[in-house]
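K.L.:
Structure supplied as structure_10.txt; contents: compact mmCIF, C-alpha atoms.
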```
# COMPACT_ATOMS: atom_id res chain seq x y z
CA MET A 1 0.00 0.00 0.00
CA ASN A 2 1.38 3.42 -0.82
CA GLU A 3 2.48 5.59 2.08
CA ILE A 4 -0.01 8.42 1.57
CA LEU A 5 -2.96 6.01 1.40
CA GLU A 6 -1.71 4.27 4.52
CA GLN A 7 -1.37 7.59 6.37
CA ALA A 8 -4.87 8.63 5.29
CA LEU A 9 -6.38 5.33 6.45
CA LEU A 10 -4.58 5.49 9.78
CA TYR A 11 -5.82 9.04 10.22
CA ASP A 12 -9.39 8.06 9.28
CA PHE A 13 -9.44 5.34 11.92
CA TYR A 14 -7.38 6.90 14.72
CA GLY A 15 -7.18 10.63 13.98
CA GLU A 16 -9.68 11.55 16.67
CA LEU A 17 -7.18 10.26 19.24
CA LEU A 18 -4.70 13.01 18.32
CA THR A 19 -4.77 16.43 19.96
CA ALA A 20 -6.46 19.28 18.08
CA HIS A 21 -3.04 20.78 17.23
CA GLN A 22 -1.70 17.44 15.97
CA LYS A 23 -4.85 16.86 13.90
CA ASN A 24 -4.62 20.30 12.32
CA ILE A 25 -0.98 19.89 11.29
CA TYR A 26 -1.39 16.27 10.18
CA GLU A 27 -4.47 17.06 8.08
CA GLN A 28 -2.64 19.89 6.33
CA PHE A 29 0.26 17.59 5.48
CA VAL A 30 -1.53 14.35 4.57
CA LEU A 31 -4.97 15.40 3.39
CA GLU A 32 -4.35 18.88 2.00
CA ASP A 33 -0.86 18.05 0.69
CA LEU A 34 0.71 21.27 1.98
CA SER A 35 4.50 21.50 2.25
CA LEU A 36 6.29 21.57 5.58
CA SER A 37 7.19 25.21 4.95
CA GLU A 38 3.60 26.20 4.22
CA ILE A 39 2.36 24.47 7.37
CA ALA A 40 5.15 25.97 9.47
CA GLU A 41 4.35 29.47 8.26
CA ASP A 42 0.63 29.00 8.93
CA ALA A 43 1.17 27.48 12.39
CA GLY A 44 3.92 29.88 13.41
CA ILE A 45 6.44 27.12 14.13
CA SER A 46 9.64 25.97 12.46
CA ARG A 47 9.73 23.63 9.49
CA GLN A 48 11.66 21.17 11.67
CA GLY A 49 8.94 21.43 14.32
CA VAL A 50 6.31 20.47 11.73
CA HIS A 51 8.47 17.59 10.51
CA ASP A 52 8.95 16.27 14.05
CA LEU A 53 5.25 16.59 14.86
CA ILE A 54 4.25 14.68 11.73
CA LYS A 55 6.75 11.92 12.54
CA ARG A 56 5.36 11.68 16.09
CA CYS A 57 1.81 11.55 14.75
CA ASN A 58 2.75 8.77 12.30
CA LYS A 59 4.39 6.82 15.10
CA THR A 60 1.36 7.32 17.36
CA LEU A 61 -1.11 6.26 14.67
CA GLU A 62 0.99 3.23 13.76
CA GLY A 63 1.13 2.33 17.45
CA TYR A 64 -2.65 2.35 17.66
CA GLU A 65 -2.84 0.16 14.56
CA SER A 66 -0.30 -2.32 15.93
CA LYS A 67 -2.50 -2.73 19.01
CA LEU A 68 -5.99 -2.56 17.50
CA HIS A 69 -5.55 -3.71 13.86
CA LEU A 70 -8.63 -1.79 12.67
CA VAL A 71 -7.14 -0.79 9.31
CA GLU A 72 -5.88 -4.32 8.74
CA ARG A 73 -9.35 -5.75 9.43
CA PHE A 74 -11.02 -3.11 7.27
CA LEU A 75 -8.76 -3.92 4.30
CA SER A 76 -9.27 -7.65 4.80
CA VAL A 77 -13.06 -7.33 4.89
CA LYS A 78 -12.94 -5.02 1.86
CA GLU A 79 -10.95 -7.63 -0.07
CA LYS A 80 -13.41 -10.38 0.89
CA VAL A 81 -16.41 -8.30 -0.21
CA HIS A 82 -14.59 -7.71 -3.49
CA ARG A 83 -14.15 -11.50 -3.85
CA MET A 84 -17.89 -12.01 -3.29
CA ASN A 85 -18.73 -9.35 -5.87
CA THR A 86 -16.40 -11.01 -8.37
CA LEU A 87 -18.09 -14.36 -7.77
CA LEU A 88 -21.49 -12.81 -8.34
CA GLU A 89 -20.34 -11.13 -11.55
CA GLU A 90 -19.02 -14.45 -12.83
CA GLN A 91 -21.97 -16.53 -11.61
CA GLU A 92 -22.68 -18.02 -15.04
CA LYS A 93 -19.33 -19.84 -14.91
CA ILE A 94 -20.13 -21.86 -11.75
CA SER A 95 -23.15 -23.68 -10.38
CA THR A 96 -25.58 -22.02 -7.99
CA GLU A 97 -24.59 -24.46 -5.25
CA GLU A 98 -20.91 -23.66 -5.71
CA LEU A 99 -21.67 -19.93 -5.68
CA ILE A 100 -23.66 -20.24 -2.45
CA ARG A 101 -20.93 -22.36 -0.83
CA GLU A 102 -18.21 -19.85 -1.80
CA ILE A 103 -20.19 -16.84 -0.57
CA LYS A 104 -21.06 -18.58 2.71
CA GLY A 105 -17.38 -19.42 3.20
CA ILE A 106 -16.28 -15.85 2.59
CA SER A 107 -19.01 -14.43 4.83
CA SER A 108 -17.90 -16.81 7.60
CA GLU A 109 -14.34 -15.50 7.23
CA ILE A 110 -15.64 -11.95 7.58
CA LEU A 111 -17.65 -12.80 10.70
CA GLU A 112 -14.61 -14.47 12.28
CA GLU A 113 -12.60 -11.28 11.79
CA LEU A 114 -15.23 -9.12 13.40
```
How does this structure look as structure tokens?

P.N.:
Amino acid sequence: MNEILEQALLYDFYGELLTAHQKNIYEQFVLEDLSLSEIAEDAGISRQGVHDLIKRCNKTLEGYESKLHLVERFLSVKEKVHRMNTLLEEQEKISTEELIREIKGISSEILEEL
């Protein structure tokens, strides 16, 4: 997964656990794609200060993910739903019984993860 997508997902799941200041800076960097210099000027802090804060936020968000695995589960469930959709789109290639068995198997995998 590319780094920006990973940062955005981590922020989507755990961003509310950051302080208001951290959220503001992190959103400007990851979601608004502002440069460190632009953020520093807007926040009235040094470019290095912005860099350090973003690194701390990344480490914090990754720490939450390593403990809770919400992004990992989300991506896994998303992939399984995609597999079910693919099966349904290709239903003419397999029997109805096989289709039902496959979808039941995938849905059981999803329920186990939740």

K.L.:
Find the residues with any atom within 10 Å of (-0.3, 8.2, 5.0); use only C-alpha atoms and the coordinates as given in the file, and write the answer as a PyMOL selection string.

P.N.:
chain A and resi 1-11+26+29-31+58+61

K.L.:
Please, what distance in Å, to one decimal, runs between CA of His82 in chain A and CA of Glu98 in chain A?

P.N.:
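Between CA of His82 in chain A and CA of Glu98 in chain A the gap is 17.3 Å.
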
K.L.:
Suppose you want the space between CA of Glu62 in chain A and CA of Glu16 in chain A; what is it in Å?

P.N.:
13.8 Å

K.L.:
Report the distance between CA of Ala20 in chain A and CA of Leu53 in chain A in Å, rounded to one decimal place.

P.N.:
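We find that CA of Ala20 in chain A and CA of Leu53 in chain A lie 12.4 Å from each other.
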
K.L.:
Out of A:Glu90, A:Leu111, A:Ile45, A:His69, which residue has the shortest atom-to-atom distance to His21 in chain A when counting only C-alpha atoms?

P.N.:
A:Ile45

K.L.:
Of the candidates A:Leu88, A:Ile94, A:Val71, A:Val81, which shows the shortest atom-to-atom distance to Ile106 in chain A, using all atoms listed in the file?

P.N.:
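For Ile106 in chain A, the nearest of the candidates is A:Val81.
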
K.L.:
Enclose all atoms of range 52-69 of chain A listed in the file in an axis-aligned box, grow every side by 5 Å, and hand back centre and edge lengths in Å to one decimal, as lines of an AutoDock Vina configuration file.

P.N.:
```
center_x = 1.5
center_y = 6.4
center_z = 15.4
size_x = 24.9
size_y = 30.3
size_z = 17.3
```

K.L.:
Looking at A:Cys57, A:Ile110, A:Ile25, A:Ala40, which one is nearest to Glu79 in chain A, with distances taken over all atoms listed in the file?

P.N.:
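Result for the nearest residue to Glu79 in chain A: A:Ile110.
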
K.L.:
Please provide the set of residues having any atom within 12 Å of Val50 in chain A, restricted to all atoms listed in the file, with same-chain residues fewer than 6 positions apart removed, written as an MDAnalysis selection string.

P.N.:
chainID A and resid 21:29 34:44 56:57

K.L.:
Nearest to Ser76 in chain A among A:Leu114, A:Leu18, A:Leu99, A:Ile54, with distances taken over all atoms listed in the file: which residue is it?

P.N.:
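Among the listed residues, the smallest separation from Ser76 in chain A belongs to A:Leu114.
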